[in-house]
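Text of protein.txt (compact mmCIF, C-alpha atoms) as supplied:
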```txt
# COMPACT_ATOMS: atom_id res chain seq x y z
CA MET A 7 83.03 83.28 97.78
CA ILE A 8 80.35 85.46 99.40
CA HIS A 9 77.72 86.80 97.00
CA PRO A 10 77.68 90.64 97.20
CA ASN A 11 73.89 90.67 97.71
CA SER A 12 73.82 87.97 100.36
CA GLU A 13 72.73 88.74 103.91
CA GLU A 14 76.26 87.90 105.04
CA ALA A 15 77.80 90.43 102.64
CA ILE A 16 75.26 93.11 103.59
CA TYR A 17 75.99 92.58 107.28
CA ALA A 18 79.77 92.70 106.72
CA ARG A 19 79.66 96.00 104.80
CA LEU A 20 77.16 97.50 107.20
CA GLN A 21 79.20 96.53 110.24
CA TYR A 22 82.43 97.84 108.70
CA THR A 23 80.99 101.16 107.57
CA TYR A 24 79.12 101.68 110.85
CA THR A 25 82.46 101.45 112.64
CA LEU A 26 84.23 103.49 109.96
CA PHE A 27 81.85 106.44 110.36
CA GLU A 28 81.68 106.36 114.16
CA ASN A 29 83.65 109.61 114.39
CA ILE A 30 81.10 111.32 112.12
CA ARG A 31 78.21 110.25 114.35
CA ASP A 32 80.12 111.47 117.41
CA LYS A 33 81.05 114.82 115.88
CA PHE A 34 77.91 115.67 113.92
CA ASN A 35 75.40 114.80 116.61
CA GLY A 36 72.92 117.64 116.27
CA ALA A 37 74.94 120.68 117.31
CA ALA A 38 76.23 123.18 114.76
CA ILE A 39 79.65 121.84 113.84
CA GLU A 40 82.08 123.41 111.39
CA ARG A 41 82.94 121.07 108.55
CA GLY A 42 86.44 120.09 107.50
CA GLY A 43 89.33 118.64 109.45
CA TYR A 44 91.13 116.57 106.84
CA GLU A 45 93.32 118.67 104.56
CA ARG A 46 93.67 117.58 100.95
CA THR A 47 97.36 118.27 100.40
CA GLY A 48 98.27 119.53 96.96
CA VAL A 49 94.68 120.37 95.96
CA THR A 50 94.11 123.94 94.72
CA CYS A 51 91.05 125.66 96.15
CA MET A 52 88.19 126.23 93.74
CA TYR A 53 88.15 130.04 94.04
CA VAL A 54 91.83 130.21 93.08
CA ARG A 55 91.21 127.87 90.15
CA LYS A 56 88.43 130.14 88.94
CA PHE A 57 89.81 133.60 89.71
CA GLY A 58 93.56 133.08 90.08
CA VAL A 59 95.40 135.37 92.51
CA LYS A 60 92.41 137.75 92.49
CA ALA A 61 90.62 135.18 94.62
CA TYR A 62 92.68 136.14 97.66
CA ALA A 63 91.33 139.70 97.55
CA PHE A 64 87.82 138.32 97.28
CA LEU A 65 88.53 136.08 100.28
CA GLY A 66 89.48 139.02 102.44
CA ASP A 67 93.15 139.43 101.46
CA VAL A 68 94.15 136.19 103.16
CA LYS A 69 97.48 134.76 102.08
CA LYS A 70 96.53 131.11 102.19
CA CYS A 71 93.54 129.05 101.12
CA THR A 72 93.48 125.26 101.39
CA VAL A 73 90.96 122.47 100.79
CA GLU A 74 89.63 120.24 103.55
CA SER A 75 87.10 117.46 103.86
CA SER A 76 85.00 116.30 106.77
CA PHE A 77 85.84 112.72 105.78
CA THR A 78 89.02 110.68 105.67
CA GLU A 79 90.08 109.48 102.23
CA GLU A 80 88.72 106.01 102.95
CA GLN A 81 85.42 107.41 104.16
CA GLU A 82 85.22 109.59 101.08
CA GLN A 83 85.53 106.54 98.83
CA TYR A 84 82.44 105.02 100.43
CA ILE A 85 80.64 108.38 100.28
CA ASN A 86 81.32 108.73 96.55
CA GLU A 87 80.23 105.14 95.84
CA THR A 88 76.94 105.67 97.63
CA LEU A 89 76.28 109.05 96.02
CA SER A 90 76.89 107.50 92.60
CA SER A 91 74.51 104.62 93.40
CA LEU A 92 71.86 107.00 94.75
CA THR A 93 72.18 109.23 91.66
CA ALA A 94 71.43 106.24 89.44
CA PHE A 95 68.44 105.44 91.64
CA ILE A 96 67.15 109.00 91.27
CA VAL A 97 67.04 108.69 87.47
CA GLY A 98 65.28 105.33 87.67
CA GLN A 99 68.10 102.81 87.41
CA ASN A 100 67.44 99.81 89.67
CA ALA A 101 64.43 101.69 91.07
CA LYS A 102 60.69 101.20 90.71
CA HIS A 103 60.28 104.76 89.47
CA SER A 104 62.44 107.75 88.61
CA LEU A 105 62.20 110.83 90.82
CA ALA A 106 60.32 112.64 88.04
CA GLU A 107 57.66 109.90 87.92
CA ARG A 108 57.30 110.04 91.71
CA VAL A 109 56.90 113.84 91.73
CA ILE A 110 54.22 113.72 89.03
CA TYR A 111 52.31 111.04 90.93
CA TYR A 112 52.45 112.87 94.25
CA TYR A 113 51.46 116.20 92.71
CA VAL A 114 48.51 114.84 90.73
CA ASN A 115 47.19 112.57 93.46
CA ILE A 116 48.17 114.11 96.80
CA THR A 117 49.88 117.50 97.05
CA ALA A 118 48.44 119.75 94.30
CA PRO A 119 48.80 122.71 94.03
CA TYR A 120 52.04 122.30 96.01
CA PHE A 121 54.81 121.16 93.65
CA ILE A 122 57.74 121.48 96.07
CA LEU A 123 55.82 119.48 98.64
CA ALA A 124 55.49 116.76 95.99
CA ILE A 125 59.29 116.88 95.64
CA LEU A 126 59.72 116.47 99.40
CA LYS A 127 57.35 113.50 99.60
CA SER A 128 58.95 111.91 96.54
CA THR A 129 62.40 112.38 98.06
CA GLU A 130 61.30 110.68 101.28
CA GLU A 131 59.88 107.75 99.32
CA MET A 132 62.99 107.50 97.15
CA LEU A 133 65.38 107.43 100.12
CA SER A 134 63.28 104.82 101.91
CA GLU A 135 63.17 102.57 98.85
CA TYR A 136 66.87 103.07 98.22
CA LEU A 137 67.79 101.75 101.66
CA GLN A 138 65.34 98.88 101.32
CA ALA A 139 67.17 97.96 98.12
CA LYS A 140 70.65 98.68 99.52
CA PRO A 141 70.56 98.38 103.33
CA GLU A 142 74.34 98.00 103.33
CA ASP A 143 74.58 101.74 102.56
CA SER A 144 72.61 102.76 105.66
CA ALA A 145 75.52 103.95 107.80
CA ILE A 146 77.04 105.77 104.82
CA LEU A 147 73.82 107.60 103.95
CA ASP A 148 73.43 108.54 107.60
CA ALA A 149 76.93 110.07 107.56
CA ILE A 150 76.15 112.00 104.37
CA PHE A 151 73.05 113.59 105.88
CA ARG A 152 74.72 114.31 109.22
CA VAL A 153 77.52 116.30 107.61
CA ALA A 154 75.82 118.22 104.79
CA GLY A 155 73.20 116.15 102.99
CA GLY A 156 70.30 117.69 104.90
CA GLU A 157 71.45 121.19 103.95
CA GLY A 158 72.03 120.10 100.36
CA PHE A 159 68.51 118.74 99.89
CA ARG A 160 67.12 121.79 101.69
CA ASP A 161 68.78 124.08 99.15
CA LEU A 162 67.60 121.96 96.23
CA MET A 163 64.02 122.26 97.45
CA ARG A 164 63.87 125.75 98.93
CA ILE A 165 66.22 127.67 96.62
CA TYR A 166 66.52 125.90 93.26
CA SER A 167 63.07 124.32 92.88
CA PRO A 168 61.20 127.68 92.95
CA ARG A 169 63.55 128.98 90.26
CA LEU A 170 62.87 125.85 88.25
CA ILE A 171 59.10 126.38 88.48
CA ASP A 172 59.42 130.01 87.39
CA GLY A 173 61.54 128.95 84.41
CA VAL A 174 59.12 126.25 83.28
CA LEU A 175 56.11 128.57 83.53
CA ALA A 176 57.99 131.27 81.59
CA ASN A 177 59.23 128.69 79.07
CA LYS A 178 62.82 129.64 79.83
CA LYS A 179 65.83 127.40 80.30
CA VAL A 180 66.84 127.05 83.94
CA SER A 181 70.58 127.00 84.58
CA GLN A 182 72.07 124.43 86.92
CA PRO A 183 73.91 125.68 90.02
CA ASN A 184 77.50 126.59 89.16
CA THR A 185 80.52 124.89 90.70
CA LEU A 186 80.99 127.50 93.42
CA ALA A 187 77.51 126.73 94.76
CA PHE A 188 79.02 123.48 96.01
CA VAL A 189 81.93 125.15 97.84
CA ASP A 190 81.78 126.35 101.44
CA ILE A 191 84.44 128.75 102.76
CA HIS A 192 85.58 128.69 106.38
CA ASP A 193 88.02 130.70 108.49
CA ARG A 194 91.05 129.23 110.20
CA TYR A 195 94.17 130.57 111.88
CA CYS A 196 97.68 129.40 111.06
CA LYS A 197 101.31 130.48 111.39
CA ASP A 198 102.95 132.39 108.57
CA ASP A 199 106.65 132.08 107.66
CA SER A 200 107.59 134.50 110.45
CA GLY A 201 105.68 132.52 113.06
CA LYS A 202 102.91 135.10 113.33
CA THR A 203 99.33 133.86 113.71
CA VAL A 204 97.31 135.00 110.70
CA LEU A 205 93.85 134.45 109.31
CA ALA A 206 93.56 131.94 106.48
CA LYS A 207 90.69 130.28 104.63
CA TYR A 208 89.82 126.75 103.69
CA GLU A 209 87.21 125.34 101.35
CA VAL A 210 85.02 122.29 101.88
CA TRP A 211 83.63 120.84 98.67
CA CYS A 212 80.23 119.17 98.47
CA PRO A 213 80.72 115.71 96.92
CA GLY A 214 77.09 115.61 95.74
CA ARG A 215 77.33 117.89 92.72
CA THR A 216 76.47 115.19 90.16
CA LEU A 217 73.58 113.98 92.32
CA ALA A 218 72.23 117.52 92.71
CA ARG A 219 72.20 118.10 88.98
CA ALA A 220 70.47 114.77 88.31
CA TYR A 221 67.93 115.60 91.02
CA LEU A 222 67.13 119.02 89.56
CA ASN A 223 66.90 117.57 86.05
CA GLN A 224 64.30 115.11 87.31
CA CYS A 225 62.36 117.90 89.01
CA GLN A 226 62.40 119.91 85.80
CA ILE A 227 61.15 116.93 83.77
CA ALA A 228 58.30 116.54 86.25
CA ALA A 229 57.38 120.23 86.21
CA GLN A 230 57.46 120.38 82.42
CA GLU A 231 55.24 117.31 82.07
CA LEU A 232 52.75 118.65 84.61
CA VAL A 233 52.47 121.88 82.65
CA ASP A 234 52.43 120.30 79.18
CA LYS A 235 50.23 117.25 79.81
CA HIS A 236 48.17 118.20 82.84
CA GLY A 237 47.88 121.96 82.36
CA VAL A 238 48.60 122.69 85.99
CA SER A 239 49.51 125.98 87.60
CA PHE A 240 51.65 125.88 90.72
CA ALA A 241 51.06 127.60 94.04
CA PRO A 242 53.36 130.57 94.80
CA SER A 243 56.47 129.37 96.63
CA ILE A 244 55.63 131.51 99.68
CA GLU A 245 52.46 129.42 100.10
CA GLU A 246 54.41 126.22 99.52
CA PHE A 247 56.73 126.88 102.42
CA GLN A 248 53.83 127.45 104.80
CA VAL A 249 53.06 123.71 104.52
CA PHE A 250 56.74 122.74 104.68
CA PRO A 251 58.77 121.61 107.70
CA TYR A 252 60.16 124.70 109.42
CA GLU A 253 63.81 123.72 108.95
CA VAL A 254 64.12 121.22 106.11
CA SER A 255 67.77 120.37 106.75
CA ILE A 256 67.06 119.20 110.32
CA TYR A 257 63.91 117.45 109.14
CA MET A 258 65.83 115.52 106.44
CA LYS A 259 68.63 114.52 108.81
CA GLN A 260 66.10 113.16 111.28
CA PHE A 261 64.13 111.46 108.51
CA VAL A 262 67.20 109.56 107.35
CA GLN A 263 68.11 108.59 110.91
CA ASN A 264 64.56 107.30 111.38
CA ILE A 265 64.76 105.01 108.35
CA VAL A 266 68.33 103.92 109.10
CA SER A 267 67.67 102.93 112.71
CA PRO A 268 65.38 99.91 112.07
CA LEU A 269 67.78 98.60 109.43
CA LEU A 270 70.68 98.74 111.87
CA GLN A 271 68.53 96.92 114.42
CA LYS A 272 67.52 94.32 111.85
CA TYR A 273 71.16 93.43 111.22
CA GLY A 274 72.17 93.70 114.86
CA ILE A 275 74.35 96.78 114.36
CA PHE A 276 74.62 99.02 117.45
```

Could I get this file's structure written as structure tokens?
Amino acid sequence: MIHPNSEEAIYARLQYTYTLFENIRDKFNGAAIERGGYERTGVTCMYVRKFGVKAYAFLGDVKKCTVESSFTEEQEQYINETLSSLTAFIVGQNAKHSLAERVIYYYVNITAPYFILAILKSTEEMLSEYLQAKPEDSAILDAIFRVAGGEGFRDLMRIYSPRLIDGVLANKKVSQPNTLAFVDIHDRYCKDDSGKTVLAKYEVWCPGRTLARAYLNQCQIAAQELVDKHGVSFAPSIEEFQVFPYEVSIYMKQFVQNIVSPLLQKYGIF
């Protein structure tokens, strides 16, 4: 029996998943591509769950709203496994440090007064260490960032982290993003019962909701400790973003591809 952490097992999973996600690499290759493509039959869209029939008026009086994924069901299983493993890594399980510990270190020693820059650098370090610990997830993580992971981490840093800082400084509780923040709505055309072509909608759900909440919790822990134990004051977010990559989503996609590439080469995956 092959040990799951053996080089042979790592190579086998990496080779299989690299082939499995070939269509993702072909489709999401840098151009702006609309997500979706695999309908989840029998799944009720999130807006209808939340608002009932009123959702259709909100969605522009369309008569139909479905749910799609950019991944096949098999691909989605691997995506969810990796997101779960990465979430545990973020909070410090099987990792040298939690994300909060990394952010505190980077802020105190390198990036002060830029807190969000400390988050970015800590995220880079965390992703690099994760793939060093689990190289078999390289092709899967690459697929995640090609489809939506870059945008997801961009929003966590550029939208939610400034709110978090404001809340900590004001000693107010910061709410997590609600469920609809993880739902994208897209247009599509389909035939109605009469055969007429009509506008419809479909949702694509972000599978990283649990990871995002763990990530923001870690950032809040770091911010609170920096205020309580180090007495820091943070730079205004507008100044933060002047030292940030221009488009964080593209930057993060490329960053992940850069750390994945040598691992694929190491195991002879092309």

*Neighbours of stretch 117-119 of chain A within 9 Å (only C-alpha atoms; same-chain residues fewer than 3 positions away dropped), as a count of residues only?*
12

Return as a Markdown table the residues of stretch 192-263 of chain A lying at most 12 Å from stretch 64-86 of chain A, together with the closest atom-to-atom pair for each and the distance in Å to one decimal, counting all atoms listed in the file, with rows in chain order and ascending residue number.
```
| residue | atom | partner | partner_atom | distance |
| --- | --- | --- | --- | --- |
| A:His192 | CA | A:Cys71 | CA | 9.5 |
| A:Asp193 | CA | A:Cys71 | CA | 9.4 |
| A:Arg194 | CA | A:Cys71 | CA | 9.4 |
| A:Tyr195 | CA | A:Lys70 | CA | 10.0 |
| A:Cys196 | CA | A:Lys70 | CA | 9.1 |
| A:Lys197 | CA | A:Lys70 | CA | 10.4 |
| A:Asp198 | CA | A:Lys69 | CA | 8.8 |
| A:Asp199 | CA | A:Lys69 | CA | 11.1 |
| A:Thr203 | CA | A:Lys69 | CA | 11.8 |
| A:Val204 | CA | A:Val68 | CA | 8.3 |
| A:Leu205 | CA | A:Val68 | CA | 6.4 |
| A:Ala206 | CA | A:Lys70 | CA | 5.3 |
| A:Lys207 | CA | A:Cys71 | CA | 4.7 |
| A:Tyr208 | CA | A:Thr72 | CA | 4.6 |
| A:Glu209 | CA | A:Val73 | CA | 4.8 |
| A:Val210 | CA | A:Glu74 | CA | 5.3 |
| A:Trp211 | CA | A:Ser75 | CA | 7.1 |
| A:Cys212 | CA | A:Ser75 | CA | 8.9 |
| A:Pro213 | CA | A:Asn86 | CA | 7.0 |
| A:Gly214 | CA | A:Asn86 | CA | 8.1 |
| A:Arg215 | CA | A:Asn86 | CA | 10.7 |
| A:Thr216 | CA | A:Asn86 | CA | 10.3 |
| A:Leu217 | CA | A:Asn86 | CA | 10.3 |
```

Selection to disk with C-alpha atoms, as a PDB file, in the coordinates of the input:
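Contents of out-v5.pdb, as written:
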```
ATOM      1  CA  HIS A 192      85.580 128.690 106.380  1.00  0.00           C
ATOM      2  CA  ASP A 193      88.020 130.700 108.490  1.00  0.00           C
ATOM      3  CA  ARG A 194      91.050 129.230 110.200  1.00  0.00           C
ATOM      4  CA  TYR A 195      94.170 130.570 111.880  1.00  0.00           C
ATOM      5  CA  CYS A 196      97.680 129.400 111.060  1.00  0.00           C
ATOM      6  CA  LYS A 197     101.310 130.480 111.390  1.00  0.00           C
ATOM      7  CA  ASP A 198     102.950 132.390 108.570  1.00  0.00           C
ATOM      8  CA  ASP A 199     106.650 132.080 107.660  1.00  0.00           C
ATOM      9  CA  THR A 203      99.330 133.860 113.710  1.00  0.00           C
ATOM     10  CA  VAL A 204      97.310 135.000 110.700  1.00  0.00           C
ATOM     11  CA  LEU A 205      93.850 134.450 109.310  1.00  0.00           C
ATOM     12  CA  ALA A 206      93.560 131.940 106.480  1.00  0.00           C
ATOM     13  CA  LYS A 207      90.690 130.280 104.630  1.00  0.00           C
ATOM     14  CA  TYR A 208      89.820 126.750 103.690  1.00  0.00           C
ATOM     15  CA  GLU A 209      87.210 125.340 101.350  1.00  0.00           C
ATOM     16  CA  VAL A 210      85.020 122.290 101.880  1.00  0.00           C
ATOM     17  CA  TRP A 211      83.630 120.840  98.670  1.00  0.00           C
ATOM     18  CA  CYS A 212      80.230 119.170  98.470  1.00  0.00           C
ATOM     19  CA  PRO A 213      80.720 115.710  96.920  1.00  0.00           C
ATOM     20  CA  GLY A 214      77.090 115.610  95.740  1.00  0.00           C
ATOM     21  CA  ARG A 215      77.330 117.890  92.720  1.00  0.00           C
ATOM     22  CA  THR A 216      76.470 115.190  90.160  1.00  0.00           C
ATOM     23  CA  LEU A 217      73.580 113.980  92.320  1.00  0.00           C
TER      24      LEU A 217
END
```

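Nearest-residue note for A:Ile96: choosing from A:Tyr24, A:Tyr257, A:Tyr273, A:Tyr221, the minimum distance belongs to A:Tyr221, counting only C-alpha atoms.
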
_Nearest-residue call for A:Val54, choices A:Leu186, A:Glu130, A:Gly156, A:Glu13, using only C-alpha atoms_ =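 Residue with the minimum atom-to-atom distance to A:Val54: A:Leu186.
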
*So how far away is atom CA of A:Ile227 from atom CA of A:Ala106, in Å?*
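It comes out at 6.1 Å.
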
*Kindly give the distance, in Å, that separates atom CA of A:Phe57 and atom CA of A:Thr185, rounded to a single decimal.*
12.8 Å

With the cut-off set at 10 Å and counting all atoms listed in the file, tabulate each residue of stretch 38-153 of chain A with an atom at most that distance from an atom of stretch 261-269 of chain A, showing the nearest atom pair and its distance in Å to one decimal, ordered by chain and increasing number, as JSON lines.
```
{"residue": "A:Glu130", "atom": "CA", "partner": "A:Phe261", "partner_atom": "CA", "distance": 7.8}
{"residue": "A:Leu133", "atom": "CA", "partner": "A:Val262", "partner_atom": "CA", "distance": 7.8}
{"residue": "A:Ser134", "atom": "CA", "partner": "A:Ile265", "partner_atom": "CA", "distance": 6.6}
{"residue": "A:Glu135", "atom": "CA", "partner": "A:Ile265", "partner_atom": "CA", "distance": 9.9}
{"residue": "A:Leu137", "atom": "CA", "partner": "A:Val266", "partner_atom": "CA", "distance": 7.8}
{"residue": "A:Gln138", "atom": "CA", "partner": "A:Leu269", "partner_atom": "CA", "distance": 8.5}
{"residue": "A:Pro141", "atom": "CA", "partner": "A:Leu269", "partner_atom": "CA", "distance": 6.7}
{"residue": "A:Glu142", "atom": "CA", "partner": "A:Leu269", "partner_atom": "CA", "distance": 9.0}
{"residue": "A:Asp143", "atom": "CA", "partner": "A:Val266", "partner_atom": "CA", "distance": 9.3}
{"residue": "A:Ser144", "atom": "CA", "partner": "A:Val266", "partner_atom": "CA", "distance": 5.6}
{"residue": "A:Ala145", "atom": "CA", "partner": "A:Val266", "partner_atom": "CA", "distance": 7.3}
{"residue": "A:Ile146", "atom": "CA", "partner": "A:Val266", "partner_atom": "CA", "distance": 9.9}
{"residue": "A:Leu147", "atom": "CA", "partner": "A:Val262", "partner_atom": "CA", "distance": 7.7}
{"residue": "A:Asp148", "atom": "CA", "partner": "A:Gln263", "partner_atom": "CA", "distance": 6.3}
{"residue": "A:Ala149", "atom": "CA", "partner": "A:Gln263", "partner_atom": "CA", "distance": 9.6}
{"residue": "A:Ile150", "atom": "CA", "partner": "A:Val262", "partner_atom": "CA", "distance": 9.7}
{"residue": "A:Phe151", "atom": "CA", "partner": "A:Val262", "partner_atom": "CA", "distance": 7.3}
{"residue": "A:Arg152", "atom": "CA", "partner": "A:Gln263", "partner_atom": "CA", "distance": 8.9}
```

*Separation of atom CA of A:Leu170 and atom CA of A:Asn223, in Å?*
9.5 Å

*Looking at A:Ile171, A:Met163, A:Ile16, A:Val59, which one is nearest to A:Ala218, with distances taken over only C-alpha atoms?*
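Using only C-alpha atoms, the shortest distance to A:Ala218 belongs to A:Met163.
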
Please write out, as lines of an AutoDock Vina configuration file, where the centre of an axis-aligned box around all listed atoms of stretch 97-106 of chain A lies and how long its edges are, in Å to one decimal, after adding 3 Å on each side.
```
center_x = 64.2
center_y = 106.2
center_z = 89.2
size_x = 13.8
size_y = 18.8
size_z = 9.7
```

*Return the single residue from A:Val49, A:Leu105, A:Met132, A:Leu126 that is closest to A:Val249, with distances computed using only C-alpha atoms.*
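Closest to A:Val249 of all the choices is A:Leu126.
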